[in-house]
file my_file.tsv (TSV, C-alpha atoms and all ligand atoms)
chain	number	residue	atom	x	y	z
A	8	MET	CA	-3.45	-8.45	-7.42
A	9	ASP	CA	-3.97	-5.52	-5.13
A	10	LYS	CA	-0.58	-4.52	-3.80
A	11	ILE	CA	-1.91	-3.82	-0.30
A	12	ILE	CA	-1.42	-6.93	1.85
A	13	ASP	CA	-4.67	-7.22	3.82
A	14	GLY	CA	-3.72	-8.50	7.28
A	15	LYS	CA	-7.32	-8.49	8.46
A	16	ALA	CA	-8.43	-10.79	5.62
A	17	ILE	CA	-5.44	-13.14	6.03
A	18	ALA	CA	-6.01	-13.28	9.80
A	19	ALA	CA	-9.76	-13.91	9.33
A	20	SER	CA	-9.19	-16.85	7.01
A	21	LEU	CA	-6.57	-18.35	9.36
A	22	ARG	CA	-8.96	-17.91	12.30
A	23	GLN	CA	-11.64	-19.81	10.39
A	24	ALA	CA	-9.26	-22.71	9.88
A	25	ILE	CA	-8.25	-22.54	13.56
A	26	ALA	CA	-11.91	-22.64	14.66
A	27	ALA	CA	-12.52	-25.65	12.41
A	28	ASP	CA	-9.50	-27.48	13.88
A	29	THR	CA	-10.65	-26.59	17.39
A	30	ALA	CA	-14.15	-27.96	16.73
A	31	LYS	CA	-12.63	-31.20	15.43
A	32	LEU	CA	-10.31	-31.58	18.42
A	33	THR	CA	-13.16	-30.79	20.83
A	34	ALA	CA	-15.36	-33.42	19.20
A	35	GLN	CA	-12.53	-35.91	19.77
A	36	GLY	CA	-12.35	-34.95	23.47
A	37	THR	CA	-9.43	-32.46	23.48
A	38	THR	CA	-10.56	-28.83	23.78
A	39	PRO	CA	-7.54	-26.56	23.22
A	40	GLY	CA	-6.87	-24.47	26.35
A	41	LEU	CA	-4.92	-21.23	26.82
A	42	ALA	CA	-4.04	-19.77	30.22
A	43	VAL	CA	-3.55	-16.01	30.22
A	44	VAL	CA	-1.80	-14.47	33.22
A	45	LEU	CA	-1.92	-10.73	33.89
A	46	VAL	CA	-0.17	-9.14	36.84
A	47	GLY	CA	-1.12	-5.56	37.77
A	48	GLU	CA	-3.27	-2.86	36.26
A	49	ASP	CA	-1.37	-1.68	33.15
A	50	PRO	CA	-4.19	-0.37	30.91
A	51	ALA	CA	-2.60	-1.44	27.59
A	52	SER	CA	-1.96	-4.96	28.98
A	53	ARG	CA	-5.59	-5.20	30.13
A	54	VAL	CA	-6.75	-4.35	26.62
A	55	TYR	CA	-4.43	-6.98	25.05
A	56	VAL	CA	-5.57	-9.63	27.53
A	57	SER	CA	-9.23	-8.94	26.87
A	58	MET	CA	-8.60	-9.12	23.09
A	59	LYS	CA	-6.93	-12.50	23.59
A	60	GLU	CA	-9.85	-13.79	25.68
A	61	LYS	CA	-12.38	-12.69	23.06
A	62	ALA	CA	-10.34	-14.26	20.26
A	63	CYS	CA	-10.20	-17.56	22.19
A	64	ALA	CA	-13.95	-17.51	22.74
A	65	ALA	CA	-14.62	-16.82	19.05
A	66	ALA	CA	-12.40	-19.76	18.05
A	67	GLY	CA	-13.89	-22.15	20.61
A	68	ILE	CA	-10.65	-22.29	22.64
A	69	TYR	CA	-11.00	-22.64	26.42
A	70	SER	CA	-9.36	-19.66	28.10
A	71	ASP	CA	-8.34	-19.67	31.72
A	72	GLU	CA	-7.77	-16.14	32.98
A	73	HIS	CA	-5.64	-15.23	35.96
A	74	LYS	CA	-5.75	-11.53	36.83
A	75	LEU	CA	-3.41	-11.02	39.74
A	76	PRO	CA	-2.84	-7.85	41.81
A	77	ALA	CA	0.29	-5.75	41.21
A	78	GLU	CA	1.69	-6.77	44.63
A	79	THR	CA	1.79	-10.49	43.66
A	80	THR	CA	5.20	-11.87	44.63
A	81	GLU	CA	7.54	-13.62	42.22
A	82	ALA	CA	7.15	-16.83	44.27
A	83	GLN	CA	3.35	-16.68	43.97
A	84	LEU	CA	3.56	-16.18	40.22
A	85	LEU	CA	6.05	-19.05	39.84
A	86	ALA	CA	3.74	-21.30	41.89
A	87	LEU	CA	0.81	-20.47	39.57
A	88	ILE	CA	2.93	-21.28	36.52
A	89	GLU	CA	3.91	-24.62	38.04
A	90	GLU	CA	0.23	-25.37	38.57
A	91	LEU	CA	-0.58	-24.45	34.95
A	92	ASN	CA	2.35	-26.53	33.68
A	93	ARG	CA	0.70	-29.56	35.33
A	94	ASP	CA	-2.90	-28.68	34.35
A	95	GLU	CA	-3.97	-31.09	31.62
A	96	ARG	CA	-6.64	-28.76	30.22
A	97	ILE	CA	-4.00	-26.16	29.36
A	98	ASP	CA	-2.03	-26.33	26.10
A	99	GLY	CA	-0.57	-22.83	26.19
A	100	ILE	CA	0.53	-20.42	28.90
A	101	LEU	CA	0.83	-16.74	28.16
A	102	VAL	CA	2.22	-14.31	30.71
A	103	GLN	CA	1.38	-10.78	29.62
A	104	LEU	CA	4.46	-8.53	29.59
A	105	PRO	CA	5.66	-6.23	31.02
A	106	LEU	CA	5.63	-7.62	34.56
A	107	PRO	CA	5.92	-5.32	37.59
A	108	ALA	CA	9.54	-4.30	38.33
A	109	HIS	CA	9.88	-6.53	41.45
A	110	ILE	CA	9.40	-9.69	39.33
A	111	ASP	CA	12.25	-11.15	37.27
A	112	GLU	CA	10.76	-11.48	33.79
A	113	SER	CA	13.23	-14.02	32.42
A	114	LYS	CA	12.87	-16.22	35.49
A	115	VAL	CA	9.11	-16.30	34.93
A	116	LEU	CA	9.34	-16.98	31.18
A	117	GLU	CA	11.83	-19.77	31.81
A	118	ALA	CA	9.48	-21.37	34.36
A	119	ILE	CA	6.86	-21.97	31.65
A	120	SER	CA	7.06	-25.52	30.32
A	121	PRO	CA	8.63	-25.32	26.82
A	122	ALA	CA	5.81	-27.64	25.67
A	123	LYS	CA	3.24	-24.94	26.62
A	124	ASP	CA	5.30	-21.88	25.64
A	125	VAL	CA	2.93	-20.58	22.94
A	126	ASP	CA	4.76	-17.21	22.85
A	127	GLY	CA	7.98	-19.02	21.89
A	128	PHE	CA	10.11	-16.92	24.27
A	129	HIS	CA	11.59	-19.76	26.36
A	130	PRO	CA	15.33	-20.23	25.62
A	131	TYR	CA	14.56	-23.87	24.71
A	132	ASN	CA	12.21	-22.72	21.95
A	133	VAL	CA	14.59	-19.95	20.87
A	134	GLY	CA	17.32	-22.60	20.59
A	135	ARG	CA	15.09	-24.86	18.50
A	136	LEU	CA	14.33	-21.95	16.17
A	137	VAL	CA	18.05	-21.20	15.81
A	138	THR	CA	18.86	-24.84	15.03
A	139	GLY	CA	16.09	-25.03	12.42
A	140	ASN	CA	13.78	-27.40	14.30
A	141	PRO	CA	11.18	-25.08	15.85
A	142	LEU	CA	8.47	-26.23	18.26
A	143	PHE	CA	6.73	-22.87	18.91
A	144	ARG	CA	7.56	-19.83	16.80
A	145	PRO	CA	7.02	-16.36	18.35
A	146	CYS	CA	3.64	-14.99	17.25
A	147	THR	CA	4.40	-11.66	15.52
A	148	PRO	CA	7.27	-12.91	13.33
A	149	TYR	CA	5.35	-16.11	12.60
A	150	GLY	CA	2.45	-13.89	11.51
A	151	VAL	CA	4.81	-12.05	9.15
A	152	MET	CA	5.82	-15.39	7.58
A	153	LYS	CA	2.18	-16.41	7.14
A	154	MET	CA	1.48	-13.08	5.41
A	155	LEU	CA	4.39	-13.57	3.01
A	156	GLU	CA	3.16	-17.08	2.29
A	157	ALA	CA	-0.44	-15.90	1.72
A	158	THR	CA	0.87	-13.23	-0.65
A	159	GLY	CA	2.82	-15.82	-2.63
A	160	VAL	CA	6.24	-14.32	-1.88
A	161	GLU	CA	8.97	-16.89	-2.56
A	162	LEU	CA	11.92	-16.20	-0.22
A	163	ALA	CA	14.54	-18.67	-1.47
A	164	GLY	CA	17.56	-16.77	-2.79
A	165	LYS	CA	16.02	-13.34	-2.07
A	166	GLU	CA	17.71	-10.48	-0.25
A	167	VAL	CA	15.75	-9.81	2.96
A	168	VAL	CA	16.62	-6.78	5.06
A	169	VAL	CA	15.23	-6.75	8.61
A	170	VAL	CA	15.41	-3.40	10.39
A	171	GLY	CA	15.39	-4.07	14.16
A	172	ARG	CA	17.01	-6.85	16.20
A	173	SER	CA	14.67	-7.35	19.16
A	174	ASN	CA	14.14	-10.81	20.62
A	175	ILE	CA	10.42	-10.67	19.94
A	176	VAL	CA	10.44	-9.51	16.30
A	177	GLY	CA	13.70	-8.69	14.50
A	178	LYS	CA	15.88	-11.67	15.44
A	179	PRO	CA	13.22	-14.40	15.15
A	180	VAL	CA	11.85	-13.09	11.84
A	181	ALA	CA	15.41	-13.03	10.45
A	182	LEU	CA	15.88	-16.67	11.52
A	183	MET	CA	12.58	-17.69	9.95
A	184	CYS	CA	13.54	-16.01	6.64
A	185	LEU	CA	16.93	-17.75	6.78
A	186	ALA	CA	15.13	-21.07	7.23
A	187	GLU	CA	13.25	-20.25	4.01
A	188	HIS	CA	16.64	-19.83	2.26
A	189	ALA	CA	16.69	-16.03	2.02
A	190	THR	CA	19.95	-14.10	2.35
A	191	VAL	CA	19.26	-12.04	5.45
A	192	THR	CA	20.74	-8.76	6.65
A	193	ILE	CA	19.79	-7.57	10.14
A	194	CYS	CA	20.06	-3.80	10.72
A	195	HIS	CA	19.86	-1.87	13.97
A	196	SER	CA	20.63	1.50	15.52
A	197	ARG	CA	24.40	1.20	14.87
A	198	THR	CA	24.03	0.14	11.22
A	199	ARG	CA	25.90	2.42	8.81
A	200	ASP	CA	24.24	3.50	5.54
A	201	LEU	CA	20.86	2.03	6.47
A	202	ALA	CA	19.23	3.55	3.38
A	203	ASP	CA	21.67	1.71	1.09
A	204	LYS	CA	21.10	-1.58	2.90
A	205	VAL	CA	17.34	-1.23	2.47
A	206	ARG	CA	17.76	-0.24	-1.21
A	207	ALA	CA	19.30	-3.67	-1.88
A	208	ALA	CA	16.33	-5.56	-0.40
A	209	ASP	CA	13.83	-7.68	-2.30
A	210	VAL	CA	11.88	-7.90	0.97
A	211	VAL	CA	12.05	-5.26	3.71
A	212	ILE	CA	10.78	-6.07	7.21
A	213	ALA	CA	10.69	-3.01	9.48
A	214	ALA	CA	10.41	-3.55	13.26
A	215	VAL	CA	11.87	-0.43	14.82
A	216	GLY	CA	9.21	1.62	16.60
A	217	ARG	CA	10.02	4.95	14.89
A	218	PRO	CA	7.26	6.61	12.88
A	219	GLU	CA	7.87	6.49	9.11
A	220	MET	CA	11.65	6.27	9.42
A	221	VAL	CA	12.00	4.02	6.35
A	222	LYS	CA	11.60	6.43	3.44
A	223	GLY	CA	9.87	5.74	0.15
A	224	ASP	CA	13.03	6.29	-1.90
A	225	TRP	CA	14.83	3.56	0.11
A	226	ILE	CA	12.48	0.96	-1.40
A	227	LYS	CA	13.73	-0.87	-4.48
A	228	GLU	CA	11.22	-0.87	-7.36
A	229	GLY	CA	9.09	-4.02	-6.95
A	230	ALA	CA	10.23	-4.87	-3.39
A	231	VAL	CA	7.86	-6.38	-0.81
A	232	VAL	CA	7.47	-4.27	2.35
A	233	ILE	CA	6.29	-5.63	5.70
A	234	ASP	CA	5.82	-2.96	8.34
A	235	VAL	CA	5.65	-4.34	11.89
A	236	GLY	CA	5.89	-0.91	13.56
A	237	VAL	CA	2.96	0.57	15.44
A	238	ASN	CA	3.52	4.19	16.42
A	239	ARG	CA	0.96	6.56	17.86
A	240	VAL	CA	1.20	10.08	16.47
A	241	GLY	CA	-0.95	12.70	18.11
A	242	GLU	CA	-4.16	11.65	19.85
A	243	LYS	CA	-5.52	8.95	17.60
A	244	LYS	CA	-3.44	8.32	14.49
A	245	LEU	CA	-1.35	5.14	14.16
A	246	VAL	CA	1.51	4.92	11.67
A	247	GLY	CA	4.09	2.29	10.90
A	248	ASP	CA	7.87	2.44	10.62
A	249	VAL	CA	7.62	2.94	6.84
A	250	ASP	CA	6.47	6.04	4.96
A	251	PHE	CA	3.53	4.12	3.51
A	252	ALA	CA	2.28	6.65	0.93
A	253	ALA	CA	5.69	7.00	-0.70
A	254	ALA	CA	6.73	3.34	-0.33
A	255	ARG	CA	3.56	1.97	-1.94
A	256	GLU	CA	4.47	3.79	-5.16
A	257	ARG	CA	7.54	1.57	-5.54
A	258	ALA	CA	6.64	-1.65	-3.70
A	259	SER	CA	5.02	-4.61	-5.43
A	260	ALA	CA	3.24	-5.46	-2.17
A	261	ILE	CA	3.07	-3.63	1.16
A	262	THR	CA	1.32	-3.95	4.53
A	263	PRO	CA	-0.68	-0.99	5.87
A	264	VAL	CA	-0.70	0.19	9.50
A	265	PRO	CA	-3.19	-0.46	10.99
A	266	GLY	CA	-4.67	-3.55	9.32
A	267	GLY	CA	-1.38	-5.19	8.35
A	268	VAL	CA	0.75	-7.26	10.73
A	269	GLY	CA	-1.31	-6.18	13.78
A	270	PRO	CA	-4.22	-8.66	13.41
A	271	MET	CA	-1.77	-11.55	12.84
A	272	THR	CA	-0.20	-11.66	16.32
A	273	ILE	CA	-3.22	-12.93	18.28
A	274	THR	CA	-4.13	-15.18	15.34
A	275	MET	CA	-0.77	-16.93	15.64
A	276	LEU	CA	-1.21	-17.24	19.42
A	277	LEU	CA	-4.43	-19.18	18.74
A	278	TYR	CA	-2.65	-21.16	16.03
A	279	ASN	CA	0.18	-22.15	18.38
A	280	THR	CA	-2.32	-23.13	21.09
A	281	VAL	CA	-4.20	-25.41	18.70
A	282	GLU	CA	-0.93	-26.95	17.42
A	283	SER	CA	-0.05	-27.69	21.04
A	284	ALA	CA	-3.48	-29.27	21.63
A	285	LYS	CA	-2.96	-31.46	18.56
A	286	ARG	CA	0.27	-32.73	20.11
A	287	ARG	CA	-1.59	-33.41	23.39
A	288	ALA	CA	-4.31	-35.30	21.50
A	289	ALA	CA	-1.67	-37.34	19.72
A	290	GLY	CA	0.01	-38.08	23.07
A	291	LYS	CA	3.27	-36.38	22.04
B	301	LIG	P1	12.43	-2.78	20.24
B	301	LIG	O1	12.40	-1.38	20.77
B	301	LIG	O2	12.65	-3.91	21.18
B	301	LIG	O3	13.53	-2.88	19.09
B	301	LIG	C1	13.66	-1.88	18.14
B	301	LIG	C2	14.84	-2.19	17.24
B	301	LIG	O4	14.97	-1.12	16.30
B	301	LIG	C3	16.17	-2.31	17.98
B	301	LIG	O5	16.88	-3.42	17.53
B	301	LIG	C4	16.88	-1.00	17.62
B	301	LIG	O6	18.29	-1.13	17.51
B	301	LIG	C5	16.33	-0.70	16.26
B	301	LIG	N1	16.42	0.73	15.96
B	301	LIG	C6	16.07	1.76	16.75
B	301	LIG	N2	16.35	2.93	16.15
B	301	LIG	C7	16.89	2.62	14.95
B	301	LIG	C8	17.39	3.39	13.89
B	301	LIG	N3	17.38	4.72	13.92
B	301	LIG	N4	17.88	2.75	12.81
B	301	LIG	C9	17.90	1.40	12.76
B	301	LIG	N5	17.42	0.61	13.75
B	301	LIG	C10	16.94	1.22	14.84
B	301	LIG	O7	11.05	-2.94	19.45
B	301	LIG	P2	10.18	-4.25	19.07
B	301	LIG	O8	10.95	-5.14	18.17
B	301	LIG	O9	9.55	-4.79	20.28
B	301	LIG	O10	9.02	-3.54	18.24
B	301	LIG	C11	9.28	-2.85	17.04
B	301	LIG	C12	7.99	-2.20	16.55
B	301	LIG	O11	7.05	-3.23	16.25
B	301	LIG	C13	7.30	-1.29	17.55
B	301	LIG	O12	6.68	-0.23	16.85
B	301	LIG	C14	6.25	-2.18	18.17
B	301	LIG	O13	5.14	-1.44	18.65
B	301	LIG	C15	5.85	-3.01	16.98
B	301	LIG	N6	5.29	-4.32	17.35
B	301	LIG	C16	4.10	-4.67	16.76
B	301	LIG	C17	3.52	-5.87	17.04
B	301	LIG	C18	2.25	-6.22	16.34
B	301	LIG	O14	1.90	-5.64	15.35
B	301	LIG	N7	1.51	-7.17	16.77
B	301	LIG	C19	4.10	-6.81	18.02
B	301	LIG	C20	5.41	-6.39	18.50
B	301	LIG	C21	5.94	-5.17	18.19
B	301	LIG	P3	19.27	-1.46	18.77
B	301	LIG	O15	19.08	-2.92	19.03
B	301	LIG	O16	20.61	-1.11	18.25
B	301	LIG	O17	18.79	-0.59	19.89
call {"tool": "encode", "arguments": {"input": "my_file.tsv", "output": "structure tokens"}}
result
Amino acid sequence: MDKIIDGKAIAASLRQAIAADTAKLTAQGTTPGLAVVLVGEDPASRVYVSMKEKACAAAGIYSDEHKLPAETTEAQLLALIEELNRDERIDGILVQLPLPAHIDESKVLEAISPAKDVDGFHPYNVGRLVTGNPLFRPCTPYGVMKMLEATGVELAGKEVVVVGRSNIVGKPVALMCLAEHATVTICHSRTRDLADKVRAADVVIAAVGRPEMVKGDWIKEGAVVIDVGVNRVGEKKLVGDVDFAAARERASAITPVPGGVGPMTITMLLYNTVESAKRRAAGK
């Protein structure tokens, strides 16, 4: 087996399965629907939203776009979310972050119905993940789990070290590994002897946002390395949080950047939307 974990190929095969499920649901009268809400003109957000729309179209998912001006008030945004919560064609609601400073982000995320919270950021869904009974799992960490599964990595009893404790990646991926019976260590900026912690890991998951900070000689011989980081260096080059060239010499399997975790995030958004549509079709 090639030791490079090919995120593009894993995402492509998942997207095929998602498109097949969507076609089946549509034939039975339930077309999965995703509402995407963008407030303001942030160029990176516009790119992400257009990628999400294209991915929906390719999978046969109905996408309902709401591009609102930067001066949209919090009340107007909350009213739109209420409308989408009631809209029966919509199985998932995604509010593109960040929101303009005058809008309270957590208030908006908490207004989304937990049954349509395909990003998995609502405290209800976070709570269900913590208690081991998840409804929606956040997309990037869920993508990491699907990659480990596709690579045949068995987590039960393994030492997993997660570097980073954000709500969108580090914490949820740690909980998901715990649910798979790994022994999980979560590291962050105040962790002492980070290199030694990583050296003990059978599986390293880096989600920091610092170019190549995890060094090759921190990787235990034969460890699996998942690099969530995306860091721009110079004009065009993207690198991860792991020194890929050195780490691949020791790892048994490793994700590249780009082409690793990146393509999985939108894939899992589609996946969550279709799972939600299946629940709608089943009347749950
Ligand atoms: P955050 O900035 O929210 O969190 C970074 C985490 O790294 C924090 O917990 C921080 O610790 C920790 N950290 C920072 N410096 C160090 C250090 N020197 N040693 C140990 N830990 C450190 O980032 P995100 O989780 O949102 O994203 C992480 C990376 O993943 C980014 O590169 C981002 O671009 C990428 N990403 C990629 C996605 C994709 O591929 N689809 C999706 C989401 C993110 P502390 O809490 O103590 O501050």
call {"tool": "atom_distance", "arguments": {"input": "my_file.tsv", "atom1": "atom CA of A:Gly236", "atom2": "atom CA of A:Val43"}}
result
24.4 Å
call {"tool": "closest_residue", "arguments": {"input": "my_file.tsv", "among": "A:Leu185, A:Ala51, A:Leu142, A:Ile119", "to": "ligand LIG 301 (chain B)", "atoms": "all atoms listed in the file"}}
result
A:Ala51
call {"tool": "residues_around", "arguments": {"input": "my_file.tsv", "residues": "A:Thr198", "least_positions_apart": "5", "cutoff": "12 Å", "atoms": "only C-alpha atoms", "output": "PyMOL selection string"}}
result
chain A and resi 168-172+192-193+203-205
call {"tool": "write_last_selection", "arguments": {"input": "my_file.tsv", "atoms": "C-alpha atoms", "output": "short mmCIF file (atom, residue, chain, number, x, y, z; two decimals), keeping the file's coordinate frame"}}
result
data_model
loop_
_atom_site.label_atom_id
_atom_site.label_comp_id
_atom_site.auth_asym_id
_atom_site.auth_seq_id
_atom_site.Cartn_x
_atom_site.Cartn_y
_atom_site.Cartn_z
CA VAL A 168 16.62 -6.78 5.06
CA VAL A 169 15.23 -6.75 8.61
CA VAL A 170 15.41 -3.40 10.39
CA GLY A 171 15.39 -4.07 14.16
CA ARG A 172 17.01 -6.85 16.20
CA THR A 192 20.74 -8.76 6.65
CA ILE A 193 19.79 -7.57 10.14
CA ASP A 203 21.67 1.71 1.09
CA LYS A 204 21.10 -1.58 2.90
CA VAL A 205 17.34 -1.23 2.47
#
call {"tool": "closest_residue", "arguments": {"input": "my_file.tsv", "among": "A:Asp98, A:Glu117, A:Glu187, A:Glu256", "to": "A:Arg286", "atoms": "all atoms listed in the file"}}
result
A:Asp98
call {"tool": "closest_atom_pairs", "arguments": {"input": "my_file.tsv", "of": "stretch 46-156 of chain A", "to": "stretch 268-279 of chain A", "cutoff": "12 Å", "atoms": "all atoms listed in the file", "output": "CSV"}}
result
residue,atom,partner,partner_atom,distance
A:Tyr55,CA,A:Ile273,CA,9.1
A:Val56,CA,A:Ile273,CA,10.1
A:Ser57,CA,A:Ile273,CA,11.2
A:Met58,CA,A:Ile273,CA,8.2
A:Lys59,CA,A:Ile273,CA,6.5
A:Glu60,CA,A:Ile273,CA,10.0
A:Lys61,CA,A:Ile273,CA,10.3
A:Ala62,CA,A:Ile273,CA,7.5
A:Cys63,CA,A:Leu277,CA,6.9
A:Ala64,CA,A:Leu277,CA,10.5
A:Ala65,CA,A:Leu277,CA,10.5
A:Ala66,CA,A:Leu277,CA,8.0
A:Gly67,CA,A:Leu277,CA,10.1
A:Ile68,CA,A:Leu277,CA,8.0
A:Tyr69,CA,A:Leu277,CA,10.7
A:Ser70,CA,A:Leu277,CA,10.6
A:Asp98,CA,A:Asn279,CA,9.1
A:Gly99,CA,A:Asn279,CA,7.9
A:Ile100,CA,A:Leu276,CA,10.1
A:Leu101,CA,A:Leu276,CA,9.0
A:Ala122,CA,A:Asn279,CA,10.7
A:Lys123,CA,A:Asn279,CA,9.2
A:Asp124,CA,A:Asn279,CA,8.9
A:Val125,CA,A:Asn279,CA,5.6
A:Asp126,CA,A:Leu276,CA,6.9
A:Gly127,CA,A:Asn279,CA,9.1
A:Pro141,CA,A:Asn279,CA,11.7
A:Leu142,CA,A:Asn279,CA,9.2
A:Phe143,CA,A:Asn279,CA,6.6
A:Arg144,CA,A:Asn279,CA,7.9
A:Pro145,CA,A:Met275,CA,8.3
A:Cys146,CA,A:Met275,CA,5.1
A:Thr147,CA,A:Thr272,CA,4.7
A:Pro148,CA,A:Thr272,CA,8.1
A:Tyr149,CA,A:Met275,CA,6.9
A:Gly150,CA,A:Met271,CA,5.0
A:Val151,CA,A:Val268,CA,6.5
A:Met152,CA,A:Met271,CA,10.0
A:Lys153,CA,A:Met271,CA,8.5
A:Met154,CA,A:Val268,CA,7.9
A:Leu155,CA,A:Val268,CA,10.6
call {"tool": "atom_distance", "arguments": {"input": "my_file.tsv", "atom1": "atom CA of A:Asp209", "atom2": "atom CA of A:Val232"}}
result
8.6 Å
call {"tool": "axis_aligned_box", "arguments": {"input": "my_file.tsv", "around": "ligand LIG 301 (chain B)", "padding_each_side": "6 Å", "output": "JSON"}}
result
{"center_x": 11.1, "center_y": -1.2, "center_z": 17.0, "size_x": 31.1, "size_y": 23.9, "size_z": 20.4}
call {"tool": "closest_residue", "arguments": {"input": "my_file.tsv", "among": "A:Ala213, A:Ala34, A:Ala86, A:Ile11", "to": "ligand LIG 301 (chain B)", "atoms": "all atoms listed in the file"}}
result
A:Ala213
call {"tool": "closest_residue", "arguments": {"input": "my_file.tsv", "among": "A:Phe251, A:Ile97, A:Ala189, A:His129", "to": "A:Asn174", "atoms": "all atoms listed in the file"}}
result
A:His129
call {"tool": "atom_distance", "arguments": {"input": "my_file.tsv", "atom1": "atom CA of A:Val160", "atom2": "atom CA of A:Ala258"}}
result
12.8 Å
call {"tool": "closest_residue", "arguments": {"input": "my_file.tsv", "among": "A:Asn92, A:Thr29, A:Gln35, A:Thr262", "to": "ligand LIG 301 (chain B)", "atoms": "all atoms listed in the file"}}
result
A:Thr262
call {"tool": "closest_residue", "arguments": {"input": "my_file.tsv", "among": "A:Thr280, A:Thr80, A:Thr190, A:Ser173", "to": "ligand LIG 301 (chain B)", "atoms": "only C-alpha atoms and all ligand atoms"}}
result
A:Ser173
call {"tool": "residues_around", "arguments": {"input": "my_file.tsv", "residues": "A:His188", "least_positions_apart": "5", "cutoff": "7 Å", "atoms": "only C-alpha atoms", "output": "number ranges by chain"}}
result
A: 162-164
call {"tool": "residues_around", "arguments": {"input": "my_file.tsv", "residues": "A:Ile226", "least_positions_apart": "4", "cutoff": "8 Å", "atoms": "only C-alpha atoms", "output": "list in words"}}
result
Val205, Arg206, Ala208, Lys222, Ala230, Ala254, Arg257 and Ala258 of chain A
call {"tool": "residues_around", "arguments": {"input": "my_file.tsv", "residues": "A:Glu81", "least_positions_apart": "4", "cutoff": "8 Å", "atoms": "only C-alpha atoms", "output": "list in words"}}
result
Leu85, His109, Ile110, Asp111 and Val115 of chain A
call {"tool": "residues_around", "arguments": {"input": "my_file.tsv", "residues": "A:Arg239", "least_positions_apart": "5", "cutoff": "12 Å", "atoms": "all atoms listed in the file", "output": "PyMOL selection string"}}
result
chain A and resi 216-219+244-248+264-265
call {"tool": "decode", "arguments": {"input": "my_file.tsv", "residues": "stretch 248-259 of chain A", "atoms": "N, CA, C and O atoms", "output": "PDB file, in the first residue's frame"}}
result
ATOM      1  N   ASP A 248       0.819  21.381   8.827  1.00  0.00           N
ATOM      2  CA  ASP A 248       1.416  21.617  10.146  1.00  0.00           C
ATOM      3  C   ASP A 248       2.577  20.655  10.413  1.00  0.00           C
ATOM      4  O   ASP A 248       3.249  20.759  11.433  1.00  0.00           O
ATOM      5  N   VAL A 249       2.745  19.675   9.504  1.00  0.00           N
ATOM      6  CA  VAL A 249       3.766  18.642   9.693  1.00  0.00           C
ATOM      7  C   VAL A 249       4.839  18.811   8.621  1.00  0.00           C
ATOM      8  O   VAL A 249       4.518  19.124   7.466  1.00  0.00           O
ATOM      9  N   ASP A 250       6.081  18.603   8.999  1.00  0.00           N
ATOM     10  CA  ASP A 250       7.178  18.593   8.025  1.00  0.00           C
ATOM     11  C   ASP A 250       7.055  17.297   7.222  1.00  0.00           C
ATOM     12  O   ASP A 250       7.565  16.248   7.619  1.00  0.00           O
ATOM     13  N   PHE A 251       6.322  17.405   6.121  1.00  0.00           N
ATOM     14  CA  PHE A 251       5.890  16.212   5.362  1.00  0.00           C
ATOM     15  C   PHE A 251       7.073  15.373   4.886  1.00  0.00           C
ATOM     16  O   PHE A 251       7.090  14.149   5.075  1.00  0.00           O
ATOM     17  N   ALA A 252       8.076  16.023   4.280  1.00  0.00           N
ATOM     18  CA  ALA A 252       9.181  15.264   3.658  1.00  0.00           C
ATOM     19  C   ALA A 252       9.890  14.407   4.700  1.00  0.00           C
ATOM     20  O   ALA A 252      10.196  13.234   4.457  1.00  0.00           O
ATOM     21  N   ALA A 253      10.119  14.983   5.886  1.00  0.00           N
ATOM     22  CA  ALA A 253      10.828  14.225   6.923  1.00  0.00           C
ATOM     23  C   ALA A 253       9.900  13.207   7.585  1.00  0.00           C
ATOM     24  O   ALA A 253      10.299  12.070   7.861  1.00  0.00           O
ATOM     25  N   ALA A 254       8.641  13.578   7.806  1.00  0.00           N
ATOM     26  CA  ALA A 254       7.711  12.691   8.515  1.00  0.00           C
ATOM     27  C   ALA A 254       7.378  11.454   7.681  1.00  0.00           C
ATOM     28  O   ALA A 254       7.200  10.364   8.220  1.00  0.00           O
ATOM     29  N   ARG A 255       7.319  11.596   6.356  1.00  0.00           N
ATOM     30  CA  ARG A 255       6.925  10.445   5.531  1.00  0.00           C
ATOM     31  C   ARG A 255       7.974   9.338   5.570  1.00  0.00           C
ATOM     32  O   ARG A 255       7.668   8.184   5.306  1.00  0.00           O
ATOM     33  N   GLU A 256       9.210   9.700   5.921  1.00  0.00           N
ATOM     34  CA  GLU A 256      10.273   8.691   6.046  1.00  0.00           C
ATOM     35  C   GLU A 256       9.989   7.722   7.187  1.00  0.00           C
ATOM     36  O   GLU A 256      10.436   6.586   7.178  1.00  0.00           O
ATOM     37  N   ARG A 257       9.274   8.211   8.213  1.00  0.00           N
ATOM     38  CA  ARG A 257       9.056   7.368   9.400  1.00  0.00           C
ATOM     39  C   ARG A 257       7.626   6.843   9.491  1.00  0.00           C
ATOM     40  O   ARG A 257       7.384   5.790  10.077  1.00  0.00           O
ATOM     41  N   ALA A 258       6.667   7.598   8.925  1.00  0.00           N
ATOM     42  CA  ALA A 258       5.255   7.220   9.060  1.00  0.00           C
ATOM     43  C   ALA A 258       4.940   5.979   8.229  1.00  0.00           C
ATOM     44  O   ALA A 258       5.573   5.724   7.209  1.00  0.00           O
ATOM     45  N   SER A 259       3.916   5.218   8.690  1.00  0.00           N
ATOM     46  CA  SER A 259       3.432   4.119   7.858  1.00  0.00           C
ATOM     47  C   SER A 259       2.381   4.631   6.878  1.00  0.00           C
ATOM     48  O   SER A 259       2.145   4.034   5.830  1.00  0.00           O
TER      49      SER A 259
END
